[in-house]
Amino acid sequence: MTIRQAEVWSRLAQAFGAWYRFDFPAAYQELEKAVADLSRFGPLAPWPWADQFLAQLPPRQEALQKLAELATQHQQNLKPASLGAGLPLVFNHLAAAERALAYQQWGIAILLIYATLERFIDLCLWVEFGLDDENPDYSRVSVDDKQFHQVGRFFHGRQYRPQTLAGPLGLSLGAQLLATLKPEWLPPESLPRIKGLMSVRNRCEFEHGLCPKPPTREDVERNLRLVKEILVLAKALGLELVDLEKQLEPYRFPAF
């Protein structure tokens with residue numbers, strides 16, 4: 001390996017390392033530099049791996065550019081104006097969960113799956129109703145209390161305690177509210193399975209309890225399927241599973 005090749009590999013490692021850490025602006029900058037170096041120096045050597053690898057990068061560049069722009073907007077207290085504008089954040093977390101599964105990091109994968117669903121619900125409630133997840137103004141929505149609590153009882157079963165709309169929107173309250181207001185976006189029949197995801201997450205090594213119950217591969221795979229099914233079923237997205245997989249591909253790291 002030449003010094004130039006080593007420099008390019010180092011830059012690629014920095015780019016995807018920053019992406020892995022969710023530092024989207026840094027990842028985008030480093031990937032842009034790596035692509036420029038590959039395009040410039042790859043044909044001169046030639047590097048046998050360069051063309052095949054370079055062909056995988058443009059979709060990742062585009063995905064990273066969207067993520068970097070969203071990160072910049074977030075720093076300016078700006079939120080996505082549409083589902084389409086915010087979905088890159090959802091897709092990126094879902095792809096990160098797939099990576100954690102591949103790395104056999106079951107606990108991290110469960111946290112990322114949970115965070116994927118939470119982001120999707122937050123995005124829906126923001127775009128459709130203007131509800132900020134950290135400081136929601138519930139006066140923006142008109143909720144049928146009877147239906148809201150009926151959904152809550154279906155969600156939590158005998159453990160349900162009627163709650164008022166107050167405070168930040170976590171996954172539990174957000175899912176109950178979205179399933180009440182927009183059941184075509186979050187089908188109520190998915191709620192018991194979401195409760196199962198919450199239970200696995202709450203018992204994992206990163207969350208509650210003195211002695212953890214780490215999730216298994218089966219837990220991760222089951223809940224990964226759940227979140228993908230919810231995204232496919234959301235009529236607002238108009239996605240079928242094959243299209244979802246295509247949407248996810250640019251957020252998956254390329255094969256080296």
# chains A, B, ... in the order shown; residues from 1 in each chain; ligands from 1

$ residues_around --residues "Lys213 of chain A" --least-positions-apart "5" --cutoff "8 Å" --atoms "only C-alpha atoms" --output "ChimeraX atom specification"
/A:203-205

$ write_last_selection --atoms "N, CA and C atoms" --output "PDB file, in the first residue's frame"
ATOM      1  N   ARG A 203     -35.293  -2.961  30.217  1.00  0.00           N
ATOM      2  CA  ARG A 203     -34.558  -3.968  30.994  1.00  0.00           C
ATOM      3  C   ARG A 203     -33.121  -4.146  30.523  1.00  0.00           C
ATOM      4  N   CYS A 204     -32.735  -3.464  29.444  1.00  0.00           N
ATOM      5  CA  CYS A 204     -31.405  -3.692  28.880  1.00  0.00           C
ATOM      6  C   CYS A 204     -30.328  -3.083  29.771  1.00  0.00           C
ATOM      7  N   GLU A 205     -29.082  -3.374  29.446  1.00  0.00           N
ATOM      8  CA  GLU A 205     -27.961  -3.000  30.309  1.00  0.00           C
ATOM      9  C   GLU A 205     -27.722  -1.502  30.397  1.00  0.00           C
TER      10      GLU A 205
END

$ select_by_dssp --residues "segment 22-249 of chain A" --states "helix (DSSP H, G or I)" --output "NGL selection string"
:A and (24-41 or 50-54 or 57-75 or 83-102 or 106-129 or 138-140 or 145-159 or 171-181 or 188-203 or 217-233 or 241-249)

$ residues_around --residues "Phe41 of chain A" --least-positions-apart "3" --cutoff "12 Å" --atoms "only C-alpha atoms" --output "compact mmCIF listing (two decimals) with C-alpha atoms, in the first residue's frame"
# COMPACT_ATOMS: atom_id res chain seq x y z
CA THR A 2 1.32 3.42 -0.96
CA ILE A 3 1.38 6.44 1.32
CA ARG A 4 -1.31 8.06 -0.84
CA GLN A 5 -3.60 5.04 -0.50
CA ALA A 6 -3.06 5.02 3.25
CA GLU A 7 -4.03 8.70 3.41
CA VAL A 8 -7.25 8.03 1.49
CA ALA A 34 -12.03 11.31 0.32
CA VAL A 35 -14.10 11.18 -2.87
CA ALA A 36 -12.03 13.99 -4.37
CA ASP A 37 -8.80 12.15 -3.56
CA LEU A 38 -10.14 8.85 -4.90
CA LEU A 44 -3.24 7.13 -11.73
CA ALA A 45 -1.91 4.18 -9.74
CA PRO A 46 -4.30 2.42 -10.54
CA TRP A 47 -5.87 1.17 -7.32
CA PRO A 48 -7.80 -2.03 -8.07
CA ALA A 50 -10.98 2.34 -6.18
CA ASP A 51 -13.57 2.20 -8.98
CA LEU A 54 -16.07 4.95 -5.54

$ closest_residue --among "A:Val90, A:Leu125, A:Val143, A:Ala13" --to "Leu248 of chain A" --atoms "only C-alpha atoms"
A:Val90

$ residues_around --residues "Arg11 of chain A" --least-positions-apart "6" --cutoff "8 Å" --atoms "only C-alpha atoms" --output "VMD selection string"
chain A and resid 30 to 31 33 to 34

$ write_last_selection --atoms "N, CA and C atoms" --output "PDB file, in the first residue's frame"
ATOM      1  N   GLU A  30     -15.410  15.135   5.475  1.00  0.00           N
ATOM      2  CA  GLU A  30     -14.351  14.153   5.253  1.00  0.00           C
ATOM      3  C   GLU A  30     -14.658  13.254   4.062  1.00  0.00           C
ATOM      4  N   LEU A  31     -15.922  12.896   3.875  1.00  0.00           N
ATOM      5  CA  LEU A  31     -16.267  12.047   2.740  1.00  0.00           C
ATOM      6  C   LEU A  31     -16.086  12.799   1.430  1.00  0.00           C
ATOM      7  N   LYS A  33     -13.843  15.069   0.836  1.00  0.00           N
ATOM      8  CA  LYS A  33     -12.396  15.081   0.585  1.00  0.00           C
ATOM      9  C   LYS A  33     -11.915  13.715   0.112  1.00  0.00           C
ATOM     10  N   ALA A  34     -12.441  12.656   0.711  1.00  0.00           N
ATOM     11  CA  ALA A  34     -12.034  11.309   0.320  1.00  0.00           C
ATOM     12  C   ALA A  34     -12.435  11.004  -1.113  1.00  0.00           C
TER      13      ALA A  34
END

$ closest_atom_pairs --of "segment 103-132 of chain A" --to "segment 217-240 of chain A" --cutoff "7 Å" --atoms "only C-alpha atoms" --output "Markdown table"
| residue | atom | partner | partner_atom | distance |
| --- | --- | --- | --- | --- |
| A:Trp106 | CA | A:Arg217 | CA | 6.3 |
| A:Ala109 | CA | A:Val220 | CA | 6.6 |
| A:Ile110 | CA | A:Val220 | CA | 5.9 |
| A:Ile113 | CA | A:Leu224 | CA | 6.4 |
| A:Leu117 | CA | A:Val227 | CA | 6.4 |

$ residues_around --residues "Asn135 of chain A" --least-positions-apart "5" --cutoff "12 Å" --atoms "only C-alpha atoms" --output "PyMOL selection string"
chain A and resi 122+126+130+165-170

$ write_last_selection --atoms "C-alpha atoms" --output "mmCIF file, in the first residue's frame"
data_model
loop_
_atom_site.group_PDB
_atom_site.id
_atom_site.type_symbol
_atom_site.label_atom_id
_atom_site.label_comp_id
_atom_site.auth_asym_id
_atom_site.auth_seq_id
_atom_site.Cartn_x
_atom_site.Cartn_y
_atom_site.Cartn_z
ATOM 1 C CA ASP A 122 -41.971 13.004 16.943
ATOM 2 C CA TRP A 126 -44.470 18.008 14.575
ATOM 3 C CA GLY A 130 -46.890 21.493 15.288
ATOM 4 C CA LEU A 165 -51.607 15.649 28.029
ATOM 5 C CA ALA A 166 -48.718 17.356 29.770
ATOM 6 C CA GLY A 167 -44.950 17.469 29.605
ATOM 7 C CA PRO A 168 -42.509 16.330 26.912
ATOM 8 C CA LEU A 169 -43.441 13.762 24.290
ATOM 9 C CA GLY A 170 -41.694 10.481 24.988
#

$ atom_distance --atom1 "atom CA of Ile121 of chain A" --atom2 "atom CA of Ala85 of chain A"
14.3 Å

$ atom_distance --atom1 "atom CA of Glu128 of chain A" --atom2 "atom CA of Val151 of chain A"
19.4 Å
